[in-house]
Amino acid sequence: MAEREQKRRSAPERTETETVEDAPASTERAEKLKAELDDILDEIDEVLEDNAEEFVRNYVQKGGQ
Amino acid sequence: MAIRKVLGIETEYGIHGTGAESNPVSASSLLVNAYAAEVDRRTGWDFEDETPGNDARGFAREGSMPPMVETHLANTVLTNGARYYVDHAHPEYSTPECSDPLEAVLHDKAGEEVLRRSMLAALNYPGNPVVIVYKNNSDGKGNSYGCHENYLMDRNVPFTKVVTGIVPHFVTRAIYTGAGKVGSETASFGGARIEFQLTQRAEFFEELVGLETTLKRPIVNTRDEPHADPRRFRRLHVIVGDANLSEVATFLKLGTTALVLAMIEDEAMPARELSLEDPVRAMHRVSADLSLAEPLPVVDGTTITALELQWELFTAARRYAKEHGLAALGEESVGEMVLDRWEAVLHGLETDPTSLVHQLDWVAKHHLLEGYRERHGCDWGDSRLAALDLQYHDLRPERSLFARLSMERLVEDADVARAVTEPPLGTRAWFRGKCLARWPEAVVTANWDSLVFDLGTDPLRRVPMMDPLKGTAEHTASLLDACSGPADLLDRLSS
């Protein structure tokens with residue numbers, strides 16, 4: 001495990017660029033994402049096929065390449 | 001010096017026909033024929049030089065035959081240089097040869113637009129048949145259909161070296177190229193319950209190297225059919241990928257692969273041993289591992305995660321860019337964009353995958369489905385989630401879930417619309433497309449590496465195009481402009 005941990009850090013050029021996002025910005029982003037997702041979920045039933053089970057069952061394809 | 005990575009994508013689309021068009025072969029033909037009639041395209045495909053049975057490992061045919069070429073099915077060539085046809089009961093769109101990964105993204109999107117226009121064109125036929133098109137790779141019931149990539153390679157590089165170099169990339173690039181899928185549908189996970197996996201395709205792969213594409217699918221496909229001068233070129237036919245809707249994912253899939261192939265040609269691969277102990281099993285495990293932390297056994301006895309392996313390739317690619325330049329990927333800015341995007345996406349996956357929710361298909365789909373699950377309190381086995389999964393890939397703008405997710409764009413709609421009819425400037429697709437646009441009645445058949453003209457008097461005349469980087473706008477625009485007609489063109493070409 002220790003060996004793996006060490007290897008995980010082995011890509012040299014990125015350790016420098018790894019910055020810890022400060023907490024408020026991160027929370028703000030998470031909230032924005034959540035709000036955006038909520039909006040989509042509010043409308044999704046309009047788009048969702050009426051009978052999901054039947055729709056999924058009937059989606060049968062011939063195998064291809 | 002690595003050769004220019006001319007590239008393209010072939011996509012077999014999933015279809016669902018209703019009523020009279022429930023037969024998938026006739027529904028696929030309807031789409032292609034309806035579109036061809038609308039744009040008045042009658043030029044067929046020329047099969048003379050097709051050799052899908054040739055094997056890159058040196059033998060001509062294996063015991064099992066490659067897929068039949070179904071010459072009687074709908075098949076057309078478009079003025080943008082693309083081929084649009086029916087293959088294995090699916091409509092298939094092969095982009096024209098593109099000169100860099102960004103241009104290939106544009107033409108992949110143009111292909112989606114052609115399929116959308118086909119759905120609308122089909123509606124005008126008797127009975128107003130509804131045929132719905134999905135850009136995905138499986139039906140969730142064990143049937144898969146492909147999205148293949150093609151890359152031009154130097155024939156001098158031994159095929160075994162290509163295999164060794166590219167397999168670790170093919171197994172692990174799925175962490176950003178996967179299109180995401182609810183559940184599993186094969187025996188590849190030994191009965192383990194899979195709620196959601198990164199890729200549509202990974203579980204359908206059973207071999208390391210082989211000629212097949214429809215069963216016992218291999219990670220590296222050996223079809224040796226260069227569609228170009230076979231003494232100079234190889235075409236690497238890549239069958240492991242998912243069909244992406246995300247432009248960022250398509251760009252990375254093509255860009256990183258083209259770059260790693262250039263590195264193989266220039267012997268600039270990482271020093272660290274990256275050959276996996278069991279690549280097929282590793283491919284399945286990577287797909288099932290949403291933590292991206294699963295250690296994969298390497299042949300030297302160590303282990304590596306998919307993310308670590310991608311960092312190794314990326315680091316070597318940065319070094320390669322410094323030492324060799326990125327001319328193999330086209331304009332400097334495109335190669336730089338591949339590197340920057342690659343680094344950003346690995347960093348995002350490592351720190352917080354949800355930061356990539358507007359960039360990667362599997363992250364976007366997973367985020368949406370998790371939200372739905374939370375709101376409705378449903379289990380992963382709920383058929384509403386499987387329905388949402390399918391609808392992510394629905395190409396109808398009003399039904400597509402992908403279209404609702406504000407995904408990042410790399411190309412403009414106006415450019416996509418232009419690419420529906422206009423060929424790339426920098427490959428032989430330009431000559432093919434322009435001859436078809438100018439003299440549709442004279443070009444009787446086309447192929448990737450030739451055009452056949454019927455001038456009405458002489459025997460049919462074939463114009464070979466054995467170099468994908470000849471026949472560009474730069475080479476042939478003034479010639480075509482100067483010609484009074486196809487007969488004049490053939491006279492000038494043969495003089």
# chains A, B, ... in the order shown; residues from 1 in each chain; ligands from 1
call {"tool": "select_by_dssp", "arguments": {"residues": "stretch 290-365 of chain B", "states": "strand (DSSP E or B)", "output": "number ranges by chain"}}
result
B: 296-298, 303-304
call {"tool": "residues_around", "arguments": {"residues": "B:Met466", "least_positions_apart": "6", "cutoff": "10 Å", "atoms": "only C-alpha atoms", "output": "list in words"}}
result
Pro226, His227, Ala228, Asp229, Pro230, Arg232, Phe233, Arg428, Trp448, Asp449 and Ser450 of chain B
call {"tool": "write_last_selection", "arguments": {"atoms": "N, CA and C atoms", "output": "PDB file, in the first residue's frame"}}
result
ATOM      1  N   PRO B 226      -5.612  -0.587 -45.437  1.00  0.00           N
ATOM      2  CA  PRO B 226      -5.188   0.812 -45.252  1.00  0.00           C
ATOM      3  C   PRO B 226      -6.008   1.847 -46.014  1.00  0.00           C
ATOM      4  N   HIS B 227      -6.730   1.438 -47.060  1.00  0.00           N
ATOM      5  CA  HIS B 227      -7.430   2.397 -47.922  1.00  0.00           C
ATOM      6  C   HIS B 227      -6.454   3.476 -48.385  1.00  0.00           C
ATOM      7  N   ALA B 228      -5.222   3.071 -48.638  1.00  0.00           N
ATOM      8  CA  ALA B 228      -4.148   3.984 -49.036  1.00  0.00           C
ATOM      9  C   ALA B 228      -2.997   3.097 -49.504  1.00  0.00           C
ATOM     10  N   ASP B 229      -1.911   3.710 -49.930  1.00  0.00           N
ATOM     11  CA  ASP B 229      -0.759   2.945 -50.403  1.00  0.00           C
ATOM     12  C   ASP B 229      -0.270   2.010 -49.285  1.00  0.00           C
ATOM     13  N   PRO B 230      -0.432   0.685 -49.480  1.00  0.00           N
ATOM     14  CA  PRO B 230      -0.116  -0.245 -48.381  1.00  0.00           C
ATOM     15  C   PRO B 230       1.378  -0.351 -48.083  1.00  0.00           C
ATOM     16  N   ARG B 232       3.309   2.255 -47.704  1.00  0.00           N
ATOM     17  CA  ARG B 232       3.673   3.384 -46.839  1.00  0.00           C
ATOM     18  C   ARG B 232       2.804   3.493 -45.598  1.00  0.00           C
ATOM     19  N   PHE B 233       1.536   3.082 -45.734  1.00  0.00           N
ATOM     20  CA  PHE B 233       0.588   3.390 -44.662  1.00  0.00           C
ATOM     21  C   PHE B 233      -0.052   2.163 -44.041  1.00  0.00           C
ATOM     22  N   ARG B 428      -7.698  14.146 -48.809  1.00  0.00           N
ATOM     23  CA  ARG B 428      -8.273  13.773 -50.110  1.00  0.00           C
ATOM     24  C   ARG B 428      -9.804  13.819 -50.098  1.00  0.00           C
ATOM     25  N   TRP B 448     -12.802   5.150 -50.447  1.00  0.00           N
ATOM     26  CA  TRP B 448     -11.862   6.009 -49.739  1.00  0.00           C
ATOM     27  C   TRP B 448     -10.664   6.356 -50.621  1.00  0.00           C
ATOM     28  N   ASP B 449     -10.224   5.390 -51.427  1.00  0.00           N
ATOM     29  CA  ASP B 449      -8.986   5.646 -52.173  1.00  0.00           C
ATOM     30  C   ASP B 449      -9.168   5.711 -53.680  1.00  0.00           C
ATOM     31  N   SER B 450     -10.393   5.930 -54.157  1.00  0.00           N
ATOM     32  CA  SER B 450     -10.572   6.144 -55.591  1.00  0.00           C
ATOM     33  C   SER B 450     -11.944   6.744 -55.909  1.00  0.00           C
TER      34      SER B 450
END
call {"tool": "closest_residue", "arguments": {"among": "B:Val133, B:Met1, B:Val463, B:Ala282", "to": "chain A", "atoms": "only C-alpha atoms"}}
result
B:Val133
call {"tool": "interface_residues", "arguments": {"of": "chain A", "to": "chain B", "cutoff": "7 Å", "atoms": "only C-alpha atoms", "output": "PyMOL selection string"}}
result
chain A and resi 8+11+37+41+47-48+52-53+55-56+59-65
call {"tool": "atom_distance", "arguments": {"atom1": "atom CA of B:Glu273", "atom2": "atom CA of B:Gly325"}}
result
24.0 Å
call {"tool": "select_by_dssp", "arguments": {"residues": "stretch 288-488 of chain B", "states": "alpha helix (DSSP H)", "output": "PyMOL selection string"}}
result
chain B and resi 288+306-324+332-351+361-376+383-392+413-419+429-438+473-482+486-488
call {"tool": "closest_residue", "arguments": {"among": "B:Arg117, B:Gly180, B:Cys483, B:Ala403", "to": "A:Ile40", "atoms": "only C-alpha atoms"}}
result
B:Ala403
call {"tool": "atom_distance", "arguments": {"atom1": "atom CA of B:Ser246", "atom2": "atom CA of B:Leu469"}}
result
28.0 Å
call {"tool": "atom_distance", "arguments": {"atom1": "atom CA of A:Glu49", "atom2": "atom CA of B:Tyr392"}}
result
11.9 Å
